[in-house]
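Structure file data-v4.cif with mmCIF, C-alpha atoms and all ligand atoms:
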```
data_target
#
loop_
_atom_site.label_atom_id
_atom_site.label_comp_id
_atom_site.auth_asym_id
_atom_site.auth_seq_id
_atom_site.Cartn_x
_atom_site.Cartn_y
_atom_site.Cartn_z
CA MET A 1 -10.06 20.58 26.04
CA LYS A 2 -7.58 19.77 23.29
CA ALA A 3 -8.56 16.58 21.44
CA ALA A 4 -8.25 14.56 18.25
CA TRP A 5 -11.35 13.03 16.66
CA TYR A 6 -12.97 11.72 13.50
CA GLU A 7 -16.49 12.02 12.15
CA ARG A 8 -16.13 9.50 9.33
CA LYS A 9 -13.88 6.53 8.78
CA GLY A 10 -10.94 6.57 6.41
CA PRO A 11 -7.18 7.20 6.07
CA ALA A 12 -5.58 8.90 9.08
CA ARG A 13 -4.62 12.11 7.30
CA GLU A 14 -8.07 12.49 5.75
CA VAL A 15 -10.30 11.92 8.76
CA LEU A 16 -8.39 12.78 11.95
CA GLN A 17 -9.12 16.32 13.11
CA LEU A 18 -7.62 18.37 15.93
CA GLY A 19 -9.20 21.11 17.97
CA GLU A 20 -11.19 21.95 21.08
CA ARG A 21 -13.97 19.78 22.54
CA PRO A 22 -16.04 20.30 25.71
CA ASP A 23 -14.36 18.93 28.86
CA PRO A 24 -16.03 15.67 29.95
CA ALA A 25 -17.57 15.45 33.43
CA PRO A 26 -17.22 12.22 35.42
CA ALA A 27 -20.55 10.44 36.03
CA PRO A 28 -21.19 8.65 39.34
CA GLY A 29 -18.69 5.80 39.62
CA GLU A 30 -16.29 7.46 37.18
CA LEU A 31 -12.97 9.25 37.46
CA LEU A 32 -11.79 12.15 35.31
CA VAL A 33 -8.22 11.65 34.07
CA ARG A 34 -5.92 14.37 32.74
CA VAL A 35 -4.32 12.29 29.98
CA ARG A 36 -0.55 12.67 29.60
CA ALA A 37 0.10 9.88 27.09
CA SER A 38 -2.07 7.64 24.98
CA GLY A 39 -0.86 4.38 23.43
CA ILE A 40 -2.14 3.40 19.99
CA ASN A 41 -3.25 -0.16 19.30
CA PRO A 42 -3.85 -1.84 15.95
CA SER A 43 -7.57 -1.92 16.87
CA ASP A 44 -7.53 1.89 17.18
CA TRP A 45 -6.33 2.41 13.62
CA LYS A 46 -8.45 -0.48 12.31
CA ALA A 47 -11.58 1.11 13.87
CA ARG A 48 -10.69 4.51 12.43
CA ALA A 49 -9.85 3.10 8.99
CA GLY A 50 -13.03 1.00 8.66
CA TRP A 51 -11.00 -2.22 8.44
CA LEU A 52 -12.77 -5.30 7.04
CA GLY A 53 -15.59 -3.17 5.68
CA ARG A 54 -16.61 -1.82 9.09
CA ASP A 55 -17.17 1.68 7.79
CA GLN A 56 -20.27 2.57 9.88
CA MET A 57 -19.69 5.13 12.64
CA PRO A 58 -21.04 3.76 15.96
CA PHE A 59 -21.16 7.36 17.22
CA PRO A 60 -21.31 10.61 15.21
CA LEU A 61 -17.96 11.79 16.61
CA ILE A 62 -15.21 9.56 17.99
CA ILE A 63 -12.16 10.50 20.02
CA PRO A 64 -9.95 7.44 19.39
CA HIS A 65 -7.65 5.29 21.57
CA GLN A 66 -8.42 2.73 24.23
CA ASP A 67 -5.30 3.09 26.36
CA GLY A 68 -3.50 5.85 28.18
CA ALA A 69 -1.96 7.21 31.35
CA GLY A 70 -2.17 10.41 33.35
CA GLU A 71 -3.47 11.82 36.63
CA VAL A 72 -6.90 11.65 38.25
CA VAL A 73 -8.22 15.20 38.56
CA ALA A 74 -11.84 14.69 39.64
CA ALA A 75 -14.23 12.01 40.91
CA GLY A 76 -17.87 11.49 39.97
CA SER A 77 -18.78 10.12 43.42
CA PRO A 78 -17.74 11.21 46.91
CA GLU A 79 -16.40 7.72 47.75
CA LEU A 80 -13.90 8.04 44.86
CA GLU A 81 -12.50 11.41 45.99
CA HIS A 82 -9.52 9.67 47.61
CA ARG A 83 -8.22 8.81 44.14
CA VAL A 84 -7.88 12.44 43.02
CA GLY A 85 -4.18 13.21 42.48
CA GLU A 86 -3.27 9.57 41.74
CA ARG A 87 -0.98 8.71 38.82
CA VAL A 88 -2.82 6.09 36.72
CA TRP A 89 -2.92 3.96 33.59
CA PHE A 90 -6.27 3.18 32.00
CA TYR A 91 -7.75 0.70 29.54
CA GLU A 92 -10.63 0.39 27.06
CA ALA A 93 -11.54 4.08 27.27
CA ALA A 94 -13.33 3.96 23.91
CA LEU A 95 -15.04 0.59 24.34
CA GLY A 96 -18.74 1.16 23.65
CA ARG A 97 -18.20 4.87 24.27
CA PRO A 98 -17.47 7.73 21.87
CA PHE A 99 -14.66 9.50 23.72
CA GLY A 100 -11.31 7.72 24.18
CA GLY A 101 -7.79 8.66 25.25
CA ALA A 102 -6.64 11.00 22.45
CA ALA A 103 -7.64 14.09 24.40
CA GLU A 104 -6.56 16.16 27.39
CA TYR A 105 -9.28 14.61 29.54
CA VAL A 106 -11.22 11.36 29.61
CA ALA A 107 -13.93 10.21 32.05
CA LEU A 108 -13.89 6.50 32.83
CA PRO A 109 -15.43 3.91 35.16
CA GLU A 110 -13.21 3.62 38.21
CA ARG A 111 -12.23 -0.01 37.64
CA GLN A 112 -10.63 0.90 34.29
CA VAL A 113 -8.33 3.38 36.04
CA GLN A 114 -5.38 1.62 37.67
CA PRO A 115 -2.55 2.96 39.84
CA LEU A 116 0.74 3.79 38.08
CA PRO A 117 3.84 3.78 40.30
CA ASP A 118 6.16 6.81 40.18
CA SER A 119 8.88 4.60 38.69
CA VAL A 120 6.84 4.03 35.51
CA SER A 121 6.58 6.86 32.97
CA PHE A 122 3.27 7.97 31.49
CA GLU A 123 4.44 6.73 28.05
CA GLU A 124 5.12 3.30 29.53
CA GLY A 125 1.82 3.33 31.40
CA ALA A 126 0.03 4.19 28.15
CA SER A 127 1.54 1.07 26.56
CA LEU A 128 -0.13 -1.35 28.96
CA GLY A 129 -3.93 -1.57 28.56
CA VAL A 130 -5.02 -3.68 25.60
CA PRO A 131 -1.73 -5.50 24.92
CA ALA A 132 -0.82 -6.35 28.51
CA MET A 133 -4.36 -7.49 29.38
CA THR A 134 -4.59 -9.62 26.24
CA ALA A 135 -1.19 -11.14 27.02
CA HIS A 136 -2.18 -12.00 30.57
CA ARG A 137 -5.37 -13.70 29.44
CA CYS A 138 -3.62 -15.70 26.71
CA VAL A 139 -0.95 -16.97 29.09
CA PHE A 140 -3.12 -17.80 32.12
CA ALA A 141 -6.70 -18.42 30.92
CA ASP A 142 -6.10 -22.18 30.99
CA GLY A 143 -4.33 -22.30 34.34
CA PRO A 144 -0.81 -21.82 35.71
CA VAL A 145 2.19 -22.25 33.43
CA THR A 146 4.69 -23.31 36.07
CA GLY A 147 7.12 -25.80 34.55
CA LYS A 148 5.43 -25.65 31.16
CA VAL A 149 6.86 -24.68 27.77
CA VAL A 150 5.15 -21.61 26.31
CA LEU A 151 5.68 -20.53 22.71
CA VAL A 152 4.99 -16.84 22.04
CA THR A 153 4.74 -16.15 18.32
CA GLY A 154 5.63 -12.58 17.41
CA GLY A 155 7.49 -12.19 20.70
CA ALA A 156 8.53 -8.59 19.99
CA GLY A 157 4.97 -7.44 19.31
CA ALA A 158 3.15 -5.34 21.88
CA VAL A 159 1.09 -8.30 23.11
CA GLY A 160 3.85 -10.86 22.55
CA ARG A 161 6.42 -9.00 24.61
CA TYR A 162 4.11 -8.82 27.63
CA ALA A 163 3.16 -12.49 27.11
CA ILE A 164 6.83 -13.49 27.37
CA GLN A 165 7.11 -11.60 30.65
CA PHE A 166 3.94 -13.06 32.19
CA ALA A 167 4.91 -16.59 31.14
CA LYS A 168 8.42 -16.20 32.60
CA GLN A 169 7.06 -14.74 35.80
CA GLY A 170 4.63 -17.66 35.93
CA GLY A 171 7.53 -20.12 35.91
CA ALA A 172 7.43 -21.29 32.27
CA ARG A 173 10.26 -21.91 29.83
CA VAL A 174 9.55 -19.48 27.02
CA ILE A 175 10.26 -19.71 23.32
CA ALA A 176 9.61 -16.65 21.14
CA THR A 177 9.56 -16.20 17.38
CA VAL A 178 10.65 -12.99 15.65
CA SER A 179 11.61 -12.01 12.12
CA ARG A 180 14.39 -9.44 12.61
CA GLU A 181 17.43 -8.89 14.79
CA GLU A 182 15.98 -5.86 16.59
CA GLN A 183 12.91 -7.96 17.44
CA ALA A 184 15.20 -10.72 18.76
CA ARG A 185 16.84 -8.16 21.04
CA SER A 186 13.48 -7.04 22.39
CA ALA A 187 12.19 -10.60 22.95
CA LYS A 188 15.42 -11.57 24.75
CA ALA A 189 15.23 -8.45 26.91
CA ALA A 190 11.68 -9.48 27.83
CA GLY A 191 13.09 -12.77 29.12
CA ALA A 192 12.59 -15.37 26.37
CA ASP A 193 14.80 -18.42 26.91
CA LEU A 194 14.97 -19.22 23.20
CA VAL A 195 14.38 -16.80 20.34
CA LEU A 196 13.98 -18.13 16.80
CA ASN A 197 13.69 -16.24 13.54
CA ARG A 198 10.50 -17.46 11.87
CA LEU A 199 11.82 -16.54 8.42
CA THR A 200 15.34 -17.96 8.55
CA ASP A 201 15.42 -20.63 11.29
CA ASP A 202 13.99 -24.14 11.11
CA LEU A 203 11.33 -23.57 13.80
CA VAL A 204 10.33 -27.20 14.17
CA ALA A 205 13.93 -28.41 14.56
CA GLY A 206 14.87 -25.53 16.87
CA ILE A 207 11.87 -26.00 19.16
CA ARG A 208 12.26 -29.78 19.30
CA ALA A 209 15.93 -29.44 20.20
CA PHE A 210 15.03 -26.98 22.98
CA VAL A 211 12.21 -28.99 24.54
CA GLY A 212 13.87 -32.37 23.96
CA THR A 213 10.72 -34.08 22.62
CA GLU A 214 8.78 -34.06 19.38
CA ARG A 215 5.69 -32.47 20.87
CA GLY A 216 6.75 -30.45 23.87
CA VAL A 217 4.96 -27.09 23.60
CA HIS A 218 2.19 -26.92 26.20
CA ARG A 219 0.83 -23.50 25.42
CA ILE A 220 1.09 -21.21 22.40
CA VAL A 221 0.28 -17.50 22.58
CA ASP A 222 -0.38 -16.90 18.92
CA VAL A 223 -0.57 -13.65 16.97
CA ALA A 224 -1.12 -15.34 13.60
CA PHE A 225 -3.29 -18.43 14.07
CA GLY A 226 -3.82 -19.30 10.41
CA ALA A 227 -0.30 -18.53 9.23
CA ASN A 228 1.27 -20.53 12.06
CA LEU A 229 -1.08 -23.52 12.07
CA ASP A 230 1.31 -25.80 10.22
CA VAL A 231 4.09 -25.29 12.79
CA THR A 232 1.55 -25.42 15.62
CA MET A 233 0.39 -28.85 14.52
CA GLN A 234 3.96 -30.16 14.61
CA MET A 235 4.78 -28.77 18.07
CA LEU A 236 1.70 -28.83 20.25
CA ALA A 237 1.83 -31.27 23.17
CA PRO A 238 -1.13 -33.53 24.02
CA ARG A 239 -3.72 -31.46 25.91
CA GLY A 240 -1.90 -28.35 24.72
CA VAL A 241 -3.55 -24.94 24.34
CA VAL A 242 -3.32 -22.45 21.51
CA ALA A 243 -4.44 -19.09 22.88
CA THR A 244 -4.79 -16.92 19.82
CA TYR A 245 -5.63 -13.26 19.60
CA ALA A 246 -5.16 -12.49 15.89
CA SER A 247 -5.08 -14.04 12.44
CA ASP A 248 -4.71 -11.07 10.12
CA ALA A 249 -2.87 -12.84 7.29
CA ILE A 250 -5.23 -15.83 7.09
CA PRO A 251 -8.54 -14.83 8.66
CA ASP A 252 -10.41 -17.98 7.57
CA PRO A 253 -8.01 -20.85 8.23
CA ALA A 254 -9.02 -24.46 7.65
CA VAL A 255 -8.89 -26.08 11.10
CA PRO A 256 -7.46 -29.63 11.10
CA PHE A 257 -10.14 -31.26 13.25
CA TRP A 258 -8.79 -34.82 13.58
CA PRO A 259 -5.17 -33.91 14.37
CA LEU A 260 -6.41 -31.45 17.00
CA ILE A 261 -8.92 -33.79 18.63
CA THR A 262 -6.28 -36.51 18.70
CA LEU A 263 -4.24 -34.17 20.89
CA ASP A 264 -7.25 -33.28 23.07
CA ALA A 265 -6.15 -29.73 22.22
CA THR A 266 -7.81 -26.48 23.22
CA ILE A 267 -8.04 -23.59 20.78
CA ARG A 268 -8.77 -20.56 22.90
CA PHE A 269 -9.83 -17.36 21.20
CA VAL A 270 -9.04 -14.26 23.21
CA LEU A 271 -10.68 -10.91 22.56
CA VAL A 272 -9.80 -8.47 25.30
CA TYR A 273 -12.89 -6.35 24.65
CA VAL A 274 -15.19 -9.29 25.38
CA MET A 275 -13.29 -10.75 28.36
CA ASP A 276 -15.41 -10.88 31.50
CA GLU A 277 -14.83 -8.64 34.50
CA THR A 278 -13.01 -11.36 36.41
CA ALA A 279 -10.47 -11.75 33.60
CA HIS A 280 -10.01 -7.99 33.32
CA ASP A 281 -9.54 -7.65 37.06
CA ALA A 282 -7.08 -10.57 37.18
CA ALA A 283 -5.06 -9.00 34.37
CA ALA A 284 -5.11 -5.56 35.99
CA ALA A 285 -4.00 -7.05 39.31
CA ALA A 286 -1.12 -8.94 37.67
CA ILE A 287 -0.04 -5.86 35.73
CA GLY A 288 -0.14 -3.84 38.95
CA GLU A 289 2.04 -6.41 40.69
CA GLY A 290 4.51 -6.37 37.80
CA LEU A 291 4.69 -2.58 37.93
CA ARG A 292 5.12 -2.42 41.71
CA GLN A 293 7.68 -5.21 41.82
CA GLY A 294 9.48 -3.81 38.78
CA TRP A 295 9.62 -6.95 36.62
CA LEU A 296 7.27 -5.70 33.91
CA SER A 297 9.20 -3.83 31.21
CA HIS A 298 7.92 -1.87 28.24
CA GLU A 299 9.15 -0.97 24.79
CA VAL A 300 8.13 2.48 23.58
CA ALA A 301 9.28 2.86 19.96
CA ALA A 302 7.97 6.32 19.04
CA ARG A 303 6.41 9.35 20.69
CA PHE A 304 4.40 12.03 18.89
CA PRO A 305 2.64 15.11 20.24
CA LEU A 306 -1.16 14.89 19.84
CA GLU A 307 -0.92 17.41 16.98
CA ARG A 308 0.89 14.70 14.94
CA ILE A 309 -1.57 11.91 15.68
CA ALA A 310 -2.09 11.14 11.97
CA GLU A 311 1.64 10.44 11.55
CA ALA A 312 1.55 8.26 14.64
CA HIS A 313 -1.33 6.20 13.23
CA GLU A 314 0.43 5.86 9.87
CA LEU A 315 3.63 4.69 11.52
CA LEU A 316 1.79 1.97 13.44
CA GLU A 317 -0.12 0.91 10.34
CA GLY A 318 3.21 0.51 8.54
CA GLY A 319 3.95 -2.36 10.90
CA ARG A 320 7.75 -2.09 10.98
CA LEU A 321 8.18 -0.75 14.51
CA VAL A 322 9.46 -2.73 17.47
CA GLY A 323 7.45 -1.34 20.37
CA LYS A 324 4.53 0.94 21.01
CA VAL A 325 3.60 4.22 19.37
CA VAL A 326 2.44 6.76 21.94
CA VAL A 327 0.99 10.25 21.61
CA THR A 328 1.76 12.75 24.35
CA ILE A 329 -0.75 15.37 25.41
N1 LIG A 401 -7.75 -10.32 20.38
C1 LIG A 401 -7.38 -9.28 21.11
O1 LIG A 401 -7.92 -9.01 22.19
C2 LIG A 401 -6.25 -8.44 20.63
C3 LIG A 401 -5.58 -7.58 21.50
C4 LIG A 401 -4.50 -6.84 21.03
C5 LIG A 401 -4.12 -6.96 19.70
N2 LIG A 401 -4.83 -7.76 18.87
C6 LIG A 401 -4.43 -7.92 17.46
O2 LIG A 401 -3.21 -8.65 17.51
C7 LIG A 401 -2.36 -8.23 16.48
C8 LIG A 401 -1.03 -7.78 17.06
O3 LIG A 401 -1.23 -6.67 17.93
P1 LIG A 401 0.02 -5.99 18.62
O4 LIG A 401 -0.46 -4.74 19.27
O5 LIG A 401 0.81 -6.96 19.39
O6 LIG A 401 0.82 -5.56 17.29
P2 LIG A 401 2.37 -5.37 17.02
O7 LIG A 401 3.03 -4.70 18.16
O8 LIG A 401 2.45 -4.73 15.66
O9 LIG A 401 2.94 -6.85 16.93
C9 LIG A 401 2.58 -7.75 15.96
C10 LIG A 401 3.69 -8.77 15.90
O10 LIG A 401 3.24 -9.91 15.19
C11 LIG A 401 4.32 -10.39 14.42
N3 LIG A 401 3.84 -11.31 13.41
C12 LIG A 401 3.10 -11.06 12.32
N4 LIG A 401 2.87 -12.21 11.63
C13 LIG A 401 3.46 -13.20 12.33
C14 LIG A 401 3.58 -14.61 12.16
N5 LIG A 401 3.04 -15.25 11.11
N6 LIG A 401 4.26 -15.31 13.09
C15 LIG A 401 4.82 -14.71 14.12
N7 LIG A 401 4.76 -13.37 14.34
C16 LIG A 401 4.08 -12.63 13.45
C17 LIG A 401 4.96 -9.13 13.92
O11 LIG A 401 6.26 -9.36 13.55
P3 LIG A 401 6.78 -9.38 12.04
O12 LIG A 401 7.56 -8.12 11.86
O13 LIG A 401 7.59 -10.61 12.03
O14 LIG A 401 5.58 -9.45 11.13
C18 LIG A 401 4.90 -8.24 15.17
O15 LIG A 401 6.04 -8.43 16.00
C19 LIG A 401 -3.13 -7.15 15.71
O16 LIG A 401 -3.82 -7.77 14.65
C20 LIG A 401 -4.13 -6.65 16.74
O17 LIG A 401 -5.28 -6.08 16.15
C21 LIG A 401 -5.87 -8.51 19.30
#
```
Take the structure I supplied and represent it as structure tokens, if you would.
Ligand SMILES: NC(=O)c1ccc[n+]([C@@H]2O[C@H](COP(=O)([O-])OP(=O)(O)OC[C@H]3O[C@@H](n4cnc5c(N)ncnc54)[C@H](OP(=O)(O)O)[C@@H]3O)[C@@H](O)[C@H]2O)c1
Amino acid sequence: MKAAWYERKGPAREVLQLGERPDPAPAPGELLVRVRASGINPSDWKARAGWLGRDQMPFPLIIPHQDGAGEVVAAGSPELEHRVGERVWFYEAALGRPFGGAAEYVALPERQVQPLPDSVSFEEGASLGVPAMTAHRCVFADGPVTGKVVLVTGGAGAVGRYAIQFAKQGGARVIATVSREEQARSAKAAGADLVLNRLTDDLVAGIRAFVGTERGVHRIVDVAFGANLDVTMQMLAPRGVVATYASDAIPDPAVPFWPLITLDATIRFVLVYVMDETAHDAAAAAIGEGLRQGWLSHEVAARFPLERIAEAHELLEGGRLVGKVVVTI
């Protein structure tokens, strides 16, 4: 099969190779997917680049990418034969395994292979996995959000945009922060009730005016825990939850213990790759419902053929896109 891979970590252009690899065979309990599109996540390029000094190869040869979409072409067990021919999206293809979605074929445990309705393109389906599951967990891990105020920082990011949609669907009033006009457009299209520019707006004043109280934000889905902590501490309601999934700018923030305990606050750390099966299944079910009912929308910013995977990685690493980068195969 056609595939992209790396055998050492480093810059995309230096380590990503293209060529032919043996076709995988599905083991019992697995499905073989003919991949049509594969979405790239920050964790894919971070793993390939050896981010934060993680330059050891967990396997001698790695086909990157956790997420993708395509068609089931074979089953590893007779009881899974009924799924052959199904359009699907899949998640965490490369988690603890060497061969991910940047190839013509990938073999995966059945539960990681979810139905994709005809109305959703393969590129859109390839955008779901890691970001949509992370978003679902951040929004709902601490219970329903009906009638609550949810703040989604970085509301035009891949995770943030899905978080807005889950929170709205869950009955919350949703505030999103962005830093550019095109991001504001995307966050509004996702359903945010209030969109504020984190660089030019007075966030504290804007949020207080929207919620009508000093501390009215019940839940924060946070892409930048350390960088946003100051605003968080001014907004968070008593018994509020900060569900955070990244803190790239300030990885070792000083946590203000007494102000947080005074609020009886919860700081929830979400790492999709460590979520238990129940959380994964709940997220997959909610995503499936959103796809079938048509309320889950996607933002695909750029498409590259597999042959240009290095460019695709570089574009995502640049961090200026609004939406997902997808390779087509
Ligand atoms: N824990 C997990 O399970 C998990 C899952 C998925 C992703 N992640 C991590 O989460 C991060 C985002 O992933 P993604 O796929 O959503 O990336 P993305 O599509 O590039 O989105 C990141 C968003 O964060 C915004 N942002 C950056 N700093 C911000 C700040 N201080 N306040 C508000 N917004 C800010 C960016 O906007 P600007 O243009 O304004 O900077 C951008 O819209 C990455 O570090 C990724 O590795 C973690």
Q: Go through A:Phe90, A:Phe304, A:Phe166, A:Tyr273 one by one, measure the shortest atom-to-atom distance of each to ligand LIG 401 (chain A) using only C-alpha atoms and all ligand atoms, and give the residue with the smallest value.
A: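 Answer, going by the shortest atom-to-atom distance: A:Tyr273.
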Q. Which is closer to ligand LIG 401 (chain A) than all the others in A:Ser127, A:Asn41, A:Gln114, A:Thr278, using all atoms listed in the file?
A.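 Closest to ligand LIG 401 (chain A), using all atoms listed in the file: A:Asn41.
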Q: Could I get the residue neighbourhood of ligand LIG 401 (chain A) at 7 Å, counting all atoms listed in the file, as a PyMOL selection string?
A: chain A and resi 41-43+130-131+134+153-160+177-180+198+223-224+227-228+245-248+270-273+319-320+322-324
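Here CA of Leu296 in chain A is placed at a distance of 15.6 Å from CA of Arg137 in chain A.
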Q: Might you pull out every residue within 8 Å of Ile287 in chain A, with only C-alpha atoms counted and same-chain residues fewer than 4 positions away left off, and present them as a ChimeraX atom specification?
A: /A:132-133,283,291,296
Please return the centre and edge lengths, in Å to one decimal, of a box with edges along x, y and z that contains all listed atoms of range 278-291 of chain A, widened by 3 Å on every side, as lines of an AutoDock Vina configuration file.
```
center_x = -4.2
center_y = -7.2
center_z = 37.0
size_x = 23.7
size_y = 15.2
size_z = 13.4
```
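Considering only C-alpha atoms, the residue among A:Leu321, A:Val73, A:Leu315, A:Val15 positioned nearest to Gly50 in chain A is A:Val15.
For the pair CA of Ala192 in chain A and CA of Ala302 in chain A, the interatomic distance is 23.4 Å.
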Q. Between A:Gly29, A:Gly290, A:Gly39, A:Gly240, which one has atoms that come closest to Glu124 in chain A, using all atoms listed in the file?
A.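 Looking only at the distances to Glu124 in chain A, the closest residue turns out to be A:Gly39.
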Q. For Tyr105 in chain A, which residue out of A:Ala37, A:Ala176, A:Leu263, A:Val150 is the nearest one, using all atoms listed in the file?
A.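 Between A:Ala37, A:Ala176, A:Leu263, A:Val150, the residue approaching Tyr105 in chain A most closely is A:Ala37.
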Counting only C-alpha atoms, I want the residues whose atoms come within 9 Å of (6.8, -11.2, 32.5) in the file frame, returned as a PDB file with C-alpha atoms, in the coordinates of the input.
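Output saved as result-v8.pdb:
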```pdb
ATOM      1  CA  ARG A 161       6.420  -9.000  24.610  1.00  0.00           C
ATOM      2  CA  TYR A 162       4.110  -8.820  27.630  1.00  0.00           C
ATOM      3  CA  ALA A 163       3.160 -12.490  27.110  1.00  0.00           C
ATOM      4  CA  ILE A 164       6.830 -13.490  27.370  1.00  0.00           C
ATOM      5  CA  GLN A 165       7.110 -11.600  30.650  1.00  0.00           C
ATOM      6  CA  PHE A 166       3.940 -13.060  32.190  1.00  0.00           C
ATOM      7  CA  ALA A 167       4.910 -16.590  31.140  1.00  0.00           C
ATOM      8  CA  LYS A 168       8.420 -16.200  32.600  1.00  0.00           C
ATOM      9  CA  GLN A 169       7.060 -14.740  35.800  1.00  0.00           C
ATOM     10  CA  GLY A 170       4.630 -17.660  35.930  1.00  0.00           C
ATOM     11  CA  ALA A 190      11.680  -9.480  27.830  1.00  0.00           C
ATOM     12  CA  GLY A 191      13.090 -12.770  29.120  1.00  0.00           C
ATOM     13  CA  GLY A 290       4.510  -6.370  37.800  1.00  0.00           C
ATOM     14  CA  TRP A 295       9.620  -6.950  36.620  1.00  0.00           C
ATOM     15  CA  LEU A 296       7.270  -5.700  33.910  1.00  0.00           C
ATOM     16  CA  SER A 297       9.200  -3.830  31.210  1.00  0.00           C
TER      17      SER A 297
END
```
How would range 36-50 of chain A look written as a PDB file, in the first residue's frame with N, CA and C atoms?
```pdb
ATOM      1  N   ARG A  36      -9.501   7.216   3.104  1.00  0.00           N
ATOM      2  CA  ARG A  36      -9.698   8.216   2.043  1.00  0.00           C
ATOM      3  C   ARG A  36      -9.191   9.584   2.459  1.00  0.00           C
ATOM      4  N   ALA A  37      -9.223   9.867   3.745  1.00  0.00           N
ATOM      5  CA  ALA A  37      -8.728  11.157   4.251  1.00  0.00           C
ATOM      6  C   ALA A  37      -8.233  10.946   5.667  1.00  0.00           C
ATOM      7  N   SER A  38      -7.210  11.715   6.013  1.00  0.00           N
ATOM      8  CA  SER A  38      -6.643  11.588   7.358  1.00  0.00           C
ATOM      9  C   SER A  38      -6.392  12.992   7.911  1.00  0.00           C
ATOM     10  N   GLY A  39      -7.017  13.289   9.043  1.00  0.00           N
ATOM     11  CA  GLY A  39      -6.869  14.611   9.657  1.00  0.00           C
ATOM     12  C   GLY A  39      -5.601  14.649  10.497  1.00  0.00           C
ATOM     13  N   ILE A  40      -4.927  15.786  10.485  1.00  0.00           N
ATOM     14  CA  ILE A  40      -3.695  15.921  11.282  1.00  0.00           C
ATOM     15  C   ILE A  40      -4.015  16.710  12.545  1.00  0.00           C
ATOM     16  N   ASN A  41      -3.523  16.202  13.660  1.00  0.00           N
ATOM     17  CA  ASN A  41      -3.679  16.876  14.951  1.00  0.00           C
ATOM     18  C   ASN A  41      -2.333  17.420  15.412  1.00  0.00           C
ATOM     19  N   PRO A  42      -2.374  18.446  16.286  1.00  0.00           N
ATOM     20  CA  PRO A  42      -1.104  18.915  16.847  1.00  0.00           C
ATOM     21  C   PRO A  42      -0.289  17.776  17.461  1.00  0.00           C
ATOM     22  N   SER A  43      -0.966  16.796  18.090  1.00  0.00           N
ATOM     23  CA  SER A  43      -0.199  15.698  18.710  1.00  0.00           C
ATOM     24  C   SER A  43       0.520  14.851  17.658  1.00  0.00           C
ATOM     25  N   ASP A  44      -0.015  14.819  16.424  1.00  0.00           N
ATOM     26  CA  ASP A  44       0.665  14.058  15.362  1.00  0.00           C
ATOM     27  C   ASP A  44       2.001  14.710  15.013  1.00  0.00           C
ATOM     28  N   TRP A  45       1.966  16.058  14.826  1.00  0.00           N
ATOM     29  CA  TRP A  45       3.255  16.682  14.474  1.00  0.00           C
ATOM     30  C   TRP A  45       4.179  16.755  15.690  1.00  0.00           C
ATOM     31  N   LYS A  46       3.602  16.915  16.889  1.00  0.00           N
ATOM     32  CA  LYS A  46       4.456  16.961  18.084  1.00  0.00           C
ATOM     33  C   LYS A  46       5.175  15.613  18.262  1.00  0.00           C
ATOM     34  N   ALA A  47       4.447  14.508  18.045  1.00  0.00           N
ATOM     35  CA  ALA A  47       5.057  13.170  18.177  1.00  0.00           C
ATOM     36  C   ALA A  47       6.152  12.985  17.128  1.00  0.00           C
ATOM     37  N   ARG A  48       5.889  13.425  15.914  1.00  0.00           N
ATOM     38  CA  ARG A  48       6.875  13.282  14.842  1.00  0.00           C
ATOM     39  C   ARG A  48       8.096  14.178  15.048  1.00  0.00           C
ATOM     40  N   ALA A  49       7.864  15.364  15.631  1.00  0.00           N
ATOM     41  CA  ALA A  49       8.949  16.331  15.798  1.00  0.00           C
ATOM     42  C   ALA A  49       9.801  16.049  17.036  1.00  0.00           C
ATOM     43  N   GLY A  50       9.307  15.203  17.951  1.00  0.00           N
ATOM     44  CA  GLY A  50      10.048  14.983  19.201  1.00  0.00           C
ATOM     45  C   GLY A  50       9.886  16.141  20.164  1.00  0.00           C
TER      46      GLY A  50
END
```
